[in-house]
file final13.cif (mmCIF, C-alpha atoms)
data_upload
#
loop_
_atom_site.label_atom_id
_atom_site.label_comp_id
_atom_site.auth_asym_id
_atom_site.auth_seq_id
_atom_site.Cartn_x
_atom_site.Cartn_y
_atom_site.Cartn_z
CA MET X 4 2.30 -6.56 22.87
CA LYS X 5 0.20 -4.82 25.53
CA ARG X 6 1.64 -1.47 24.49
CA PHE X 7 0.74 -2.23 20.87
CA ILE X 8 -2.84 -3.18 21.81
CA VAL X 9 -3.31 0.10 23.70
CA TRP X 10 -1.77 2.05 20.81
CA PHE X 11 -3.96 0.33 18.27
CA SER X 12 -7.15 0.73 20.32
CA CYS X 13 -6.53 4.48 20.62
CA LEU X 14 -5.75 4.75 16.92
CA LEU X 15 -8.89 2.86 15.90
CA ALA X 16 -10.97 5.10 18.16
CA SER X 17 -9.53 8.17 16.45
CA VAL X 18 -10.40 6.74 13.03
CA LEU X 19 -13.99 6.07 14.12
CA HIS X 20 -14.35 9.78 14.92
CA ALA X 21 -12.33 11.12 11.97
CA GLU X 22 -13.94 13.93 10.00
CA PRO X 23 -14.15 13.12 6.27
CA ILE X 24 -12.67 15.30 3.55
CA TRP X 25 -15.59 16.33 1.36
CA PHE X 26 -15.83 16.45 -2.42
CA GLY X 27 -18.84 17.71 -4.37
CA ALA X 28 -21.71 20.02 -3.60
CA SER X 29 -23.23 20.01 -0.12
CA THR X 30 -26.64 20.00 -1.84
CA ALA X 31 -25.95 16.73 -3.68
CA GLN X 32 -28.80 14.24 -3.34
CA ARG X 33 -26.59 11.21 -2.59
CA VAL X 34 -23.55 10.68 -0.37
CA LEU X 35 -20.79 8.10 -0.89
CA TYR X 36 -18.43 7.50 2.03
CA ILE X 37 -15.04 6.01 1.16
CA ASN X 38 -12.51 4.63 3.64
CA SER X 39 -9.15 4.36 1.92
CA THR X 40 -5.41 4.03 2.45
CA LEU X 41 -4.59 6.22 -0.55
CA ASP X 42 -2.87 9.50 0.25
CA MET X 43 -4.80 12.54 -0.86
CA SER X 44 -1.94 13.63 -3.15
CA SER X 45 -2.55 10.53 -5.30
CA PHE X 46 -6.32 10.48 -5.16
CA ARG X 47 -7.67 14.03 -5.07
CA PRO X 48 -7.82 14.54 -8.89
CA LEU X 49 -9.77 11.28 -9.28
CA LEU X 50 -12.26 12.26 -6.58
CA GLU X 51 -12.67 15.72 -8.08
CA ARG X 52 -13.22 14.33 -11.57
CA PHE X 53 -15.82 11.85 -10.31
CA VAL X 54 -17.98 14.43 -8.53
CA ALA X 55 -17.70 16.74 -11.55
CA ARG X 56 -19.04 13.93 -13.72
CA TYR X 57 -21.72 12.97 -11.19
CA PRO X 58 -22.83 16.23 -9.49
CA ASP X 59 -25.67 14.46 -7.68
CA ILE X 60 -23.09 12.56 -5.59
CA ARG X 61 -21.06 13.97 -2.71
CA ILE X 62 -18.04 12.00 -1.44
CA GLY X 63 -16.86 11.84 2.17
CA TYR X 64 -13.29 10.54 2.12
CA VAL X 65 -11.41 9.18 5.16
CA ASP X 66 -7.69 8.35 4.90
CA VAL X 67 -6.90 5.27 7.03
CA ASN X 68 -3.82 3.09 7.65
CA THR X 69 -4.05 -0.38 6.05
CA LEU X 70 -4.29 -2.36 9.29
CA GLU X 71 -6.68 0.13 10.88
CA LEU X 72 -8.85 -0.05 7.78
CA TYR X 73 -9.19 -3.82 7.99
CA TYR X 74 -10.19 -3.86 11.65
CA LEU X 75 -12.47 -0.86 11.19
CA THR X 76 -14.28 -2.66 8.36
CA VAL X 77 -14.69 -5.80 10.46
CA SER X 78 -15.83 -3.90 13.55
CA GLU X 79 -18.45 -2.01 11.53
CA SER X 80 -19.61 -5.01 9.50
CA ALA X 81 -23.23 -4.88 10.71
CA GLN X 82 -23.55 -1.15 9.97
CA PRO X 83 -20.65 0.15 7.85
CA SER X 84 -19.83 3.85 7.86
CA ALA X 85 -18.34 3.56 4.36
CA SER X 86 -19.75 2.03 1.19
CA LEU X 87 -16.34 1.54 -0.42
CA VAL X 88 -13.07 0.30 1.10
CA ILE X 89 -9.81 0.87 -0.81
CA SER X 90 -6.46 -0.61 0.23
CA SER X 91 -3.03 -1.70 -0.99
CA ALA X 92 -3.01 -4.53 1.59
CA MET X 93 -4.29 -7.08 -0.91
CA ASP X 94 -4.22 -9.97 1.54
CA LEU X 95 -6.43 -8.15 4.05
CA GLN X 96 -8.89 -7.25 1.30
CA LEU X 97 -9.09 -10.92 0.28
CA LYS X 98 -9.58 -11.87 3.90
CA LEU X 99 -12.55 -9.50 4.13
CA VAL X 100 -14.04 -11.27 1.11
CA ASN X 101 -13.22 -14.76 2.34
CA ASP X 102 -14.75 -14.08 5.76
CA GLY X 103 -18.00 -12.78 4.31
CA PHE X 104 -17.65 -9.04 4.98
CA THR X 105 -18.12 -7.89 1.37
CA GLN X 106 -20.65 -8.18 -1.45
CA PRO X 107 -20.27 -8.96 -5.17
CA TYR X 108 -20.43 -6.40 -7.93
CA ARG X 109 -20.48 -6.95 -11.69
CA SER X 110 -20.38 -4.51 -14.56
CA ASP X 111 -18.91 -4.14 -18.04
CA GLU X 112 -15.84 -2.51 -16.50
CA THR X 113 -15.20 -5.26 -13.95
CA GLU X 114 -15.65 -7.87 -16.69
CA ARG X 115 -12.82 -6.19 -18.63
CA LEU X 116 -10.37 -6.82 -15.80
CA PRO X 117 -7.89 -9.69 -16.25
CA SER X 118 -8.57 -12.69 -14.02
CA ASN X 119 -5.55 -12.01 -11.78
CA ALA X 120 -6.88 -8.50 -10.98
CA LYS X 121 -10.19 -9.55 -9.41
CA TRP X 122 -11.45 -12.27 -7.11
CA ARG X 123 -14.93 -13.72 -6.64
CA SER X 124 -16.36 -10.58 -8.27
CA GLU X 125 -15.91 -8.92 -4.86
CA VAL X 126 -12.41 -7.43 -4.87
CA PHE X 127 -11.17 -5.37 -7.82
CA ALA X 128 -7.71 -4.03 -8.60
CA PHE X 129 -7.60 -0.62 -10.27
CA SER X 130 -3.90 0.23 -10.13
CA TYR X 131 -0.48 -1.31 -9.67
CA GLU X 132 1.98 -0.18 -7.02
CA PRO X 133 5.72 -0.82 -7.58
CA VAL X 134 7.71 -1.33 -4.39
CA VAL X 135 10.94 0.66 -4.26
CA MET X 136 13.82 1.94 -2.15
CA MET X 137 14.66 5.58 -1.49
CA VAL X 138 17.95 7.21 -0.53
CA ASN X 139 19.17 10.60 0.63
CA LYS X 140 21.49 11.85 -2.11
CA LYS X 141 23.88 13.60 0.26
CA ALA X 142 24.71 10.29 1.92
CA PHE X 143 25.79 8.93 -1.47
CA ALA X 144 27.64 11.97 -2.75
CA ASN X 145 30.89 10.07 -3.22
CA ILE X 146 29.73 6.48 -3.63
CA ASP X 147 27.39 4.59 -5.94
CA MET X 148 23.80 4.25 -4.87
CA PRO X 149 22.69 0.63 -4.32
CA GLN X 150 20.61 -0.57 -7.25
CA ASP X 151 19.54 -3.91 -5.78
CA ARG X 152 19.34 -5.73 -2.46
CA GLN X 153 22.82 -7.24 -2.64
CA ALA X 154 24.32 -3.81 -3.27
CA LEU X 155 22.33 -2.43 -0.33
CA LEU X 156 23.73 -5.17 1.91
CA SER X 157 27.26 -4.36 0.75
CA TYR X 158 26.70 -0.68 1.44
CA ILE X 159 25.46 -1.44 4.96
CA ARG X 160 28.47 -3.66 5.73
CA GLN X 161 30.94 -1.04 4.49
CA ASN X 162 29.32 1.94 6.22
CA ASP X 163 28.47 0.79 9.73
CA GLU X 164 28.60 4.15 11.46
CA ASP X 165 26.84 6.06 8.70
CA VAL X 166 23.83 3.73 8.55
CA SER X 167 23.35 2.82 12.22
CA GLY X 168 19.96 4.12 13.29
CA ARG X 169 19.47 5.72 9.88
CA MET X 170 17.55 3.10 7.89
CA GLY X 171 13.77 2.85 7.82
CA THR X 172 11.12 0.35 6.80
CA TYR X 173 7.56 -0.62 7.69
CA ASP X 174 6.58 -1.86 11.13
CA ILE X 175 4.78 -5.03 10.05
CA ARG X 176 2.89 -5.14 13.37
CA LYS X 177 1.21 -1.81 12.63
CA SER X 178 1.00 -1.77 8.84
CA GLY X 179 -1.03 -4.23 6.82
CA VAL X 180 0.81 -3.48 3.59
CA GLY X 181 4.13 -3.65 5.47
CA TYR X 182 3.33 -7.18 6.57
CA LEU X 183 2.36 -8.14 3.02
CA LEU X 184 5.62 -6.77 1.59
CA ALA X 185 7.74 -8.54 4.20
CA SER X 186 5.97 -11.85 3.63
CA GLN X 187 6.39 -11.49 -0.13
CA ASP X 188 10.09 -10.67 0.25
CA ALA X 189 10.48 -13.82 2.33
CA ARG X 190 8.81 -15.85 -0.43
CA GLN X 191 10.72 -14.27 -3.31
CA ALA X 192 14.24 -14.43 -1.87
CA ASP X 193 14.39 -16.16 1.47
CA ALA X 194 18.19 -16.08 1.84
CA THR X 195 18.49 -12.42 0.84
CA TRP X 196 15.57 -11.50 3.08
CA GLY X 197 17.23 -13.20 6.04
CA ARG X 198 20.47 -11.31 5.50
CA MET X 199 18.56 -8.06 5.06
CA LEU X 200 16.76 -8.54 8.38
CA GLU X 201 20.04 -9.39 10.11
CA ALA X 202 21.66 -6.23 8.71
CA PHE X 203 18.68 -4.10 9.68
CA GLY X 204 18.61 -5.55 13.19
CA SER X 205 22.30 -5.09 13.88
CA HIS X 206 22.17 -1.49 12.66
CA GLY X 207 19.13 -0.27 14.59
CA VAL X 208 16.59 0.03 11.77
CA LYS X 209 13.71 2.42 12.46
CA THR X 210 10.18 1.10 11.85
CA TYR X 211 7.22 3.13 10.62
CA CYS X 212 3.50 2.86 9.94
CA CYS X 213 3.52 4.58 6.56
CA SER X 214 5.57 5.21 3.41
CA SER X 215 5.09 8.97 3.69
CA ASP X 216 6.71 9.10 7.14
CA ILE X 217 9.73 7.14 5.91
CA ILE X 218 10.07 9.42 2.88
CA ASP X 219 9.90 12.50 5.12
CA ASP X 220 12.81 11.23 7.22
CA VAL X 221 14.87 10.27 4.16
CA ALA X 222 14.32 13.75 2.73
CA SER X 223 15.36 15.43 5.99
CA GLY X 224 18.51 13.31 6.28
CA LYS X 225 17.36 11.58 9.45
CA LEU X 226 17.46 8.40 7.37
CA VAL X 227 19.88 7.55 4.58
CA VAL X 228 17.81 4.66 3.20
CA GLY X 229 14.13 3.74 3.14
CA TYR X 230 13.28 0.16 2.21
CA ASN X 231 10.04 -1.22 0.72
CA LEU X 232 8.20 1.98 -0.10
CA LEU X 233 5.18 2.45 -2.35
CA GLY X 234 6.46 3.69 -5.68
CA SER X 235 3.76 6.20 -6.57
CA TYR X 236 4.41 8.17 -3.37
CA ALA X 237 8.17 7.89 -3.72
CA ALA X 238 8.13 9.02 -7.37
CA GLN X 239 5.95 12.05 -6.62
CA ARG X 240 8.22 13.17 -3.80
CA ALA X 241 11.47 12.51 -5.68
CA ALA X 242 10.22 14.60 -8.61
CA ASN X 243 9.82 17.59 -6.28
CA ASP X 244 12.70 17.13 -3.84
CA SER X 245 16.30 17.21 -5.00
CA ASN X 246 17.50 15.65 -1.73
CA ILE X 247 16.08 12.20 -2.47
CA GLU X 248 16.16 9.59 -5.19
CA MET X 249 13.87 6.64 -5.80
CA ILE X 250 15.55 3.33 -6.66
CA ILE X 251 13.71 0.53 -8.43
CA PRO X 252 15.54 -2.67 -7.36
CA LYS X 253 17.13 -4.44 -10.32
CA ASP X 254 17.15 -7.92 -8.77
CA TYR X 255 13.35 -7.91 -8.60
CA THR X 256 10.62 -5.37 -8.13
CA LEU X 257 7.50 -6.39 -6.27
CA MET X 258 4.31 -5.08 -7.84
CA LEU X 259 1.26 -4.81 -5.62
CA MET X 260 -2.28 -3.91 -6.68
CA ARG X 261 -4.54 -1.34 -5.08
CA THR X 262 -7.97 -2.84 -4.64
CA ALA X 263 -11.54 -1.87 -3.81
CA VAL X 264 -14.30 -3.82 -2.06
CA ILE X 265 -17.90 -3.01 -1.17
CA PRO X 266 -18.89 -3.93 2.41
CA LYS X 267 -21.70 -6.47 2.67
CA HIS X 268 -24.15 -4.01 4.25
CA ALA X 269 -22.91 -0.87 2.50
CA PRO X 270 -25.46 1.95 2.80
CA ASN X 271 -24.83 3.12 -0.79
CA ALA X 272 -23.60 0.12 -2.77
CA LEU X 273 -24.98 1.56 -6.02
CA ASP X 274 -22.65 4.57 -6.03
CA ALA X 275 -19.78 2.47 -4.68
CA GLY X 276 -20.09 0.36 -7.81
CA LEU X 277 -20.29 3.49 -9.95
CA PHE X 278 -17.02 4.72 -8.42
CA ILE X 279 -15.32 1.37 -9.09
CA ASP X 280 -16.45 1.63 -12.72
CA PHE X 281 -15.01 5.14 -12.91
CA LEU X 282 -11.62 3.96 -11.60
CA LEU X 283 -11.58 1.15 -14.18
CA SER X 284 -12.85 3.31 -17.05
CA ASP X 285 -10.62 4.66 -19.81
CA GLU X 286 -11.08 8.11 -18.30
CA GLY X 287 -10.06 7.07 -14.79
CA GLN X 288 -7.13 4.96 -15.95
CA SER X 289 -5.86 7.72 -18.24
CA LEU X 290 -6.12 10.31 -15.46
CA MET X 291 -3.89 8.19 -13.21
CA THR X 292 -1.10 8.50 -15.78
CA SER X 293 -1.64 12.02 -17.11
CA GLU X 294 -1.74 13.51 -13.60
CA GLU X 295 1.12 11.24 -12.39
CA LEU X 296 -1.01 9.74 -9.64
CA LEU X 297 -0.91 5.95 -9.88
CA TYR X 298 0.14 3.12 -12.19
CA PRO X 299 -3.08 2.04 -13.99
CA ILE X 300 -4.09 -1.61 -13.93
CA ARG X 301 -4.44 -1.74 -17.70
CA ALA X 302 -1.08 -0.13 -18.46
CA SER X 303 0.93 -1.63 -21.28
CA GLU X 304 3.92 -3.70 -20.19
CA TYR X 305 6.25 -1.35 -22.09
CA GLU X 306 4.42 1.93 -21.53
CA PRO X 307 6.61 4.64 -19.95
CA HIS X 308 5.32 5.79 -16.59
CA PHE X 309 6.44 8.30 -13.97
CA ALA X 310 6.52 5.72 -11.15
CA MET X 311 7.83 2.71 -13.00
CA PRO X 312 10.02 2.68 -16.13
CA ILE X 313 9.22 -0.84 -17.23
CA GLY X 314 11.09 -2.76 -19.91
CA PRO X 315 11.92 -6.33 -20.94
CA THR X 316 15.13 -6.35 -18.85
CA ARG X 317 13.39 -5.54 -15.58
CA THR X 318 12.30 -8.37 -13.28
CA ILE X 319 8.74 -7.67 -12.17
CA ARG X 320 7.15 -9.99 -9.63
CA THR X 321 3.46 -9.16 -9.47
CA VAL X 322 1.53 -10.17 -6.37
CA ASP X 323 -1.67 -11.65 -7.80
CA LEU X 324 -5.11 -11.69 -6.23
CA ASP X 325 -5.41 -15.36 -5.42
CA GLN X 326 -6.00 -17.80 -2.58
CA GLN X 327 -2.29 -17.97 -1.79
CA LEU X 328 -2.45 -14.54 -0.17
CA LEU X 329 -4.71 -15.92 2.55
CA VAL X 330 -2.06 -18.43 3.65
CA GLY X 331 0.11 -15.63 5.03
CA ARG X 332 -2.82 -14.35 7.08
CA ASP X 333 -3.35 -17.62 8.92
CA LEU X 334 -3.23 -16.45 12.54
CA VAL X 335 -0.62 -18.99 13.71
CA LYS X 336 1.66 -18.34 10.72
CA GLN X 337 1.19 -14.62 11.07
CA ARG X 338 2.20 -14.62 14.74
CA ARG X 339 5.22 -16.80 14.01
CA PHE X 340 6.33 -14.56 11.13
CA ILE X 341 6.02 -11.39 13.23
CA LYS X 342 7.85 -13.01 16.16
CA ASN X 343 10.75 -14.04 13.92
CA TRP X 344 10.79 -10.53 12.43
CA GLU X 345 10.99 -9.01 15.93
CA LEU X 346 13.84 -11.32 16.90
CA ALA X 347 15.78 -10.56 13.73
CA LEU X 348 15.39 -6.81 14.18
CA GLU X 349 16.22 -7.13 17.89
CA LEU X 350 12.86 -5.64 18.86
CA SER X 351 10.79 -6.63 21.85
CA SER X 352 7.07 -7.30 21.62
CA ASP X 353 6.48 -4.10 23.63
CA ASP X 354 8.39 -1.83 21.20
#

call {"tool": "encode", "arguments": {"input": "final13.cif", "output": "structure tokens"}}
result
Amino acid sequence: MKRFIVWFSCLLASVLHAEPIWFGASTAQRVLYINSTLDMSSFRPLLERFVARYPDIRIGYVDVNTLELYYLTVSESAQPSASLVISSAMDLQLKLVNDGFTQPYRSDETERLPSNAKWRSEVFAFSYEPVVMMVNKKAFANIDMPQDRQALLSYIRQNDEDVSGRMGTYDIRKSGVGYLLASQDARQADATWGRMLEAFGSHGVKTYCCSSDIIDDVASGKLVVGYNLLGSYAAQRAANDSNIEMIIPKDYTLMLMRTAVIPKHAPNALDAGLFIDFLLSDEGQSLMTSEELLYPIRASEYEPHFAMPIGPTRTIRTVDLDQQLLVGRDLVKQRRFIKNWELALELSSDD
């Protein structure tokens, strides 16, 4: 734990001094700072379109890990550096709202959102994020790729030497969205989740902060399987790398939402709201699909999409924005869950 605290303190310090990526003219009259967990590959076209539409606004964009983002927002609550906070860690976003660190925003676009995609008029979902697996094709040249969790467990049991030290997933101590996914897996299929953890632990699973790092190692062959990855990133990489394949689990597919909140003392709340409206607009939602960036929040249930071929036979389990998400972030329950996760994966608290 001490090693983690030192690591996290250093990481948070680096975020506080991170140089933003700039969009828009340097002569723009207004500046909107955004702290976000979205990779630039999935967000750049949206940022570029926004500043083209609103040339009087310049955006300073900082890419931050989900857990870092939460603590950064809390630590800066009296004087935020950013006016908009975007994250896939839905539970941490709700906690910011519940603990009084955000402010409400209402517009025609937010009113169009379904009730399960907003909360207290302070947190707004603008896209879905399917949760997937990824495999290195060479490792499955002569065998079937696992299409669900039971098949993955069977593959692990039958290929001990091939998978030992070559599976990857989130480190739930360092990743906010990783913790959310693990807690949701435990809720959706407790028995399967327990067996999965046991298999991961006995085969030396590698843990990571971010989907992109896991995907990199699957692509290189360092890993044969990546578990619980964000689908938009996985789909983009799989489309451009013949070494990897994205698998949408057939037993059930978790569907997260990417959300935005405006800090309570945001220096430019007006333009933060304008950016939320752009993300929710027909133009913003359409751009997410046409540029193969994200899965829009208002997508049709049967609409084909690069990151998620949805149909009536697929079991989708959407994680809604509701009070239940806060239960998993109760400090005592959170510590217990992480401790059990460490024990199952045969990790020490200092790892």

call {"tool": "closest_atom_pairs", "arguments": {"input": "final13.cif", "of": "stretch 142-200 of chain X", "to": "stretch 29-49 of chain X", "cutoff": "12 Å", "atoms": "all atoms listed in the file", "output": "Markdown table"}}
result
| residue | atom | partner | partner_atom | distance |
| --- | --- | --- | --- | --- |
| X:Ser178 | CA | X:Thr40 | CA | 10.7 |
| X:Gly179 | CA | X:Thr40 | CA | 10.3 |
| X:Val180 | CA | X:Thr40 | CA | 9.8 |

call {"tool": "closest_residue", "arguments": {"input": "final13.cif", "among": "X:Gly207, X:Pro117, X:Pro149, X:Gly229", "to": "X:Arg301", "atoms": "only C-alpha atoms"}}
result
X:Pro117

call {"tool": "closest_residue", "arguments": {"input": "final13.cif", "among": "X:Thr113, X:Thr69, X:Thr172, X:Asn139", "to": "X:Asp244", "atoms": "all atoms listed in the file"}}
result
X:Asn139

call {"tool": "residues_around", "arguments": {"input": "final13.cif", "residues": "X:Arg115", "least_positions_apart": "2", "cutoff": "12 Å", "atoms": "all atoms listed in the file", "output": "list in words"}}
result
Arg109, Ser110, Asp111, Glu112, Thr113, Pro117, Ser118, Asn119, Ala120, Lys121, Ser124, Phe127, Ala128, Phe129, Asp280, Leu283, Ser284, Asp285, Ile300 and Arg301 of chain X

call {"tool": "closest_atom_pairs", "arguments": {"input": "final13.cif", "of": "stretch 83-138 of chain X", "to": "stretch 211-223 of chain X", "cutoff": "12 Å", "atoms": "all atoms listed in the file", "output": "CSV"}}
result
residue,atom,partner,partner_atom,distance
X:Ser91,CA,X:Cys213,CA,11.8
X:Val134,CA,X:Ser214,CA,10.4
X:Val135,CA,X:Ser214,CA,10.4
X:Met136,CA,X:Ile218,CA,9.8
X:Met137,CA,X:Val221,CA,7.3
X:Val138,CA,X:Val221,CA,6.4

call {"tool": "closest_residue", "arguments": {"input": "final13.cif", "among": "X:Val54, X:Leu282, X:Val88, X:Met93", "to": "X:Asp66", "atoms": "only C-alpha atoms"}}
result
X:Val88

call {"tool": "resolve_selection", "arguments": {"input": "final13.cif", "expression": "the PyMOL selection byres ((chain X and resi 190) around 12)", "output": "PDB file with C-alpha atoms, keeping the file's coordinate frame"}}
result
ATOM      1  CA  LEU X 183       2.360  -8.140   3.020  1.00  0.00           C
ATOM      2  CA  LEU X 184       5.620  -6.770   1.590  1.00  0.00           C
ATOM      3  CA  ALA X 185       7.740  -8.540   4.200  1.00  0.00           C
ATOM      4  CA  SER X 186       5.970 -11.850   3.630  1.00  0.00           C
ATOM      5  CA  GLN X 187       6.390 -11.490  -0.130  1.00  0.00           C
ATOM      6  CA  ASP X 188      10.090 -10.670   0.250  1.00  0.00           C
ATOM      7  CA  ALA X 189      10.480 -13.820   2.330  1.00  0.00           C
ATOM      8  CA  GLN X 191      10.720 -14.270  -3.310  1.00  0.00           C
ATOM      9  CA  ALA X 192      14.240 -14.430  -1.870  1.00  0.00           C
ATOM     10  CA  ASP X 193      14.390 -16.160   1.470  1.00  0.00           C
ATOM     11  CA  ALA X 194      18.190 -16.080   1.840  1.00  0.00           C
ATOM     12  CA  THR X 195      18.490 -12.420   0.840  1.00  0.00           C
ATOM     13  CA  TRP X 196      15.570 -11.500   3.080  1.00  0.00           C
ATOM     14  CA  GLY X 197      17.230 -13.200   6.040  1.00  0.00           C
ATOM     15  CA  LEU X 257       7.500  -6.390  -6.270  1.00  0.00           C
ATOM     16  CA  ARG X 320       7.150  -9.990  -9.630  1.00  0.00           C
ATOM     17  CA  VAL X 322       1.530 -10.170  -6.370  1.00  0.00           C
ATOM     18  CA  GLN X 327      -2.290 -17.970  -1.790  1.00  0.00           C
ATOM     19  CA  LEU X 328      -2.450 -14.540  -0.170  1.00  0.00           C
ATOM     20  CA  VAL X 330      -2.060 -18.430   3.650  1.00  0.00           C
ATOM     21  CA  GLY X 331       0.110 -15.630   5.030  1.00  0.00           C
ATOM     22  CA  PHE X 340       6.330 -14.560  11.130  1.00  0.00           C
TER      23      PHE X 340
END

call {"tool": "closest_residue", "arguments": {"input": "final13.cif", "among": "X:Lys98, X:Lys141, X:Asp174, X:Trp344", "to": "X:Arg198", "atoms": "all atoms listed in the file"}}
result
X:Trp344

call {"tool": "closest_residue", "arguments": {"input": "final13.cif", "among": "X:Ala85, X:Met258, X:Val65, X:Ala154", "to": "X:Ile319", "atoms": "all atoms listed in the file"}}
result
X:Met258

call {"tool": "resolve_selection", "arguments": {"input": "final13.cif", "expression": "the PyMOL selection byres ((chain X and resi 80) around 8)", "output": "list in words"}}
result
Thr76, Val77, Ser78, Glu79, Ala81, Gln82, Pro83, Phe104, Pro266, Lys267 and His268 of chain X

call {"tool": "closest_residue", "arguments": {"input": "final13.cif", "among": "X:Ala238, X:Ile247, X:Val166, X:Leu87", "to": "X:Pro270", "atoms": "all atoms listed in the file"}}
result
X:Leu87

call {"tool": "resolve_selection", "arguments": {"input": "final13.cif", "expression": "the PyMOL selection byres ((chain X and resi 57) around 10)", "output": "list of chain:residue names"}}
result
X:Gly27, X:Ala31, X:Glu51, X:Arg52, X:Phe53, X:Val54, X:Ala55, X:Arg56, X:Pro58, X:Asp59, X:Ile60, X:Arg61, X:Asp274, X:Leu277, X:Phe278

call {"tool": "atom_distance", "arguments": {"input": "final13.cif", "atom1": "atom CA of X:Tyr236", "atom2": "atom CA of X:Arg160"}}
result
28.3 Å

call {"tool": "axis_aligned_box", "arguments": {"input": "final13.cif", "around": "stretch 249-256 of chain X", "padding_each_side": "6 Å", "output": "JSON"}}
result
{"center_x": 13.9, "center_y": -0.6, "center_z": -8.1, "size_x": 18.5, "size_y": 26.6, "size_z": 16.5}

call {"tool": "residues_around", "arguments": {"input": "final13.cif", "residues": "X:Asn101", "least_positions_apart": "2", "cutoff": "12 Å", "atoms": "only C-alpha atoms", "output": "ChimeraX atom specification"}}
result
/X:94-99,103-107,122-126,264,267,325-326,328-330,332

call {"tool": "atom_distance", "arguments": {"input": "final13.cif", "atom1": "atom CA of X:His206", "atom2": "atom CA of X:Glu164"}}
result
8.6 Å

call {"tool": "atom_distance", "arguments": {"input": "final13.cif", "atom1": "atom CA of X:Asn243", "atom2": "atom CA of X:Met260"}}
result
24.7 Å

call {"tool": "decode", "arguments": {"input": "final13.cif", "residues": "stretch 149-177 of chain X", "atoms": "C-alpha atoms", "output": "PDB file, in the first residue's frame"}}
result
ATOM      1  CA  PRO X 149     -13.100 -17.935 -26.711  1.00  0.00           C
ATOM      2  CA  GLN X 150     -16.393 -16.174 -27.346  1.00  0.00           C
ATOM      3  CA  ASP X 151     -17.550 -15.924 -23.730  1.00  0.00           C
ATOM      4  CA  ARG X 152     -16.203 -16.182 -20.192  1.00  0.00           C
ATOM      5  CA  GLN X 153     -16.787 -19.921 -19.834  1.00  0.00           C
ATOM      6  CA  ALA X 154     -14.874 -20.568 -23.042  1.00  0.00           C
ATOM      7  CA  LEU X 155     -12.056 -18.337 -21.788  1.00  0.00           C
ATOM      8  CA  LEU X 156     -11.886 -20.351 -18.568  1.00  0.00           C
ATOM      9  CA  SER X 157     -11.734 -23.589 -20.567  1.00  0.00           C
ATOM     10  CA  TYR X 158      -8.961 -22.183 -22.723  1.00  0.00           C
ATOM     11  CA  ILE X 159      -6.950 -21.181 -19.644  1.00  0.00           C
ATOM     12  CA  ARG X 160      -7.330 -24.636 -18.065  1.00  0.00           C
ATOM     13  CA  GLN X 161      -6.253 -26.413 -21.253  1.00  0.00           C
ATOM     14  CA  ASN X 162      -3.287 -24.152 -22.034  1.00  0.00           C
ATOM     15  CA  ASP X 163      -1.473 -23.618 -18.741  1.00  0.00           C
ATOM     16  CA  GLU X 164       1.993 -22.968 -20.121  1.00  0.00           C
ATOM     17  CA  ASP X 165       0.841 -20.788 -23.000  1.00  0.00           C
ATOM     18  CA  VAL X 166      -1.191 -18.415 -20.830  1.00  0.00           C
ATOM     19  CA  SER X 167       0.951 -18.186 -17.687  1.00  0.00           C
ATOM     20  CA  GLY X 168       2.091 -14.593 -17.330  1.00  0.00           C
ATOM     21  CA  ARG X 169       0.435 -13.713 -20.639  1.00  0.00           C
ATOM     22  CA  MET X 170      -3.015 -12.447 -19.653  1.00  0.00           C
ATOM     23  CA  GLY X 171      -3.782  -8.833 -18.822  1.00  0.00           C
ATOM     24  CA  THR X 172      -6.535  -6.837 -17.155  1.00  0.00           C
ATOM     25  CA  TYR X 173      -6.990  -3.603 -15.211  1.00  0.00           C
ATOM     26  CA  ASP X 174      -5.312  -2.969 -11.876  1.00  0.00           C
ATOM     27  CA  ILE X 175      -8.399  -1.957  -9.912  1.00  0.00           C
ATOM     28  CA  ARG X 176      -6.222  -0.164  -7.332  1.00  0.00           C
ATOM     29  CA  LYS X 177      -4.931   2.253  -9.959  1.00  0.00           C
TER      30      LYS X 177
END
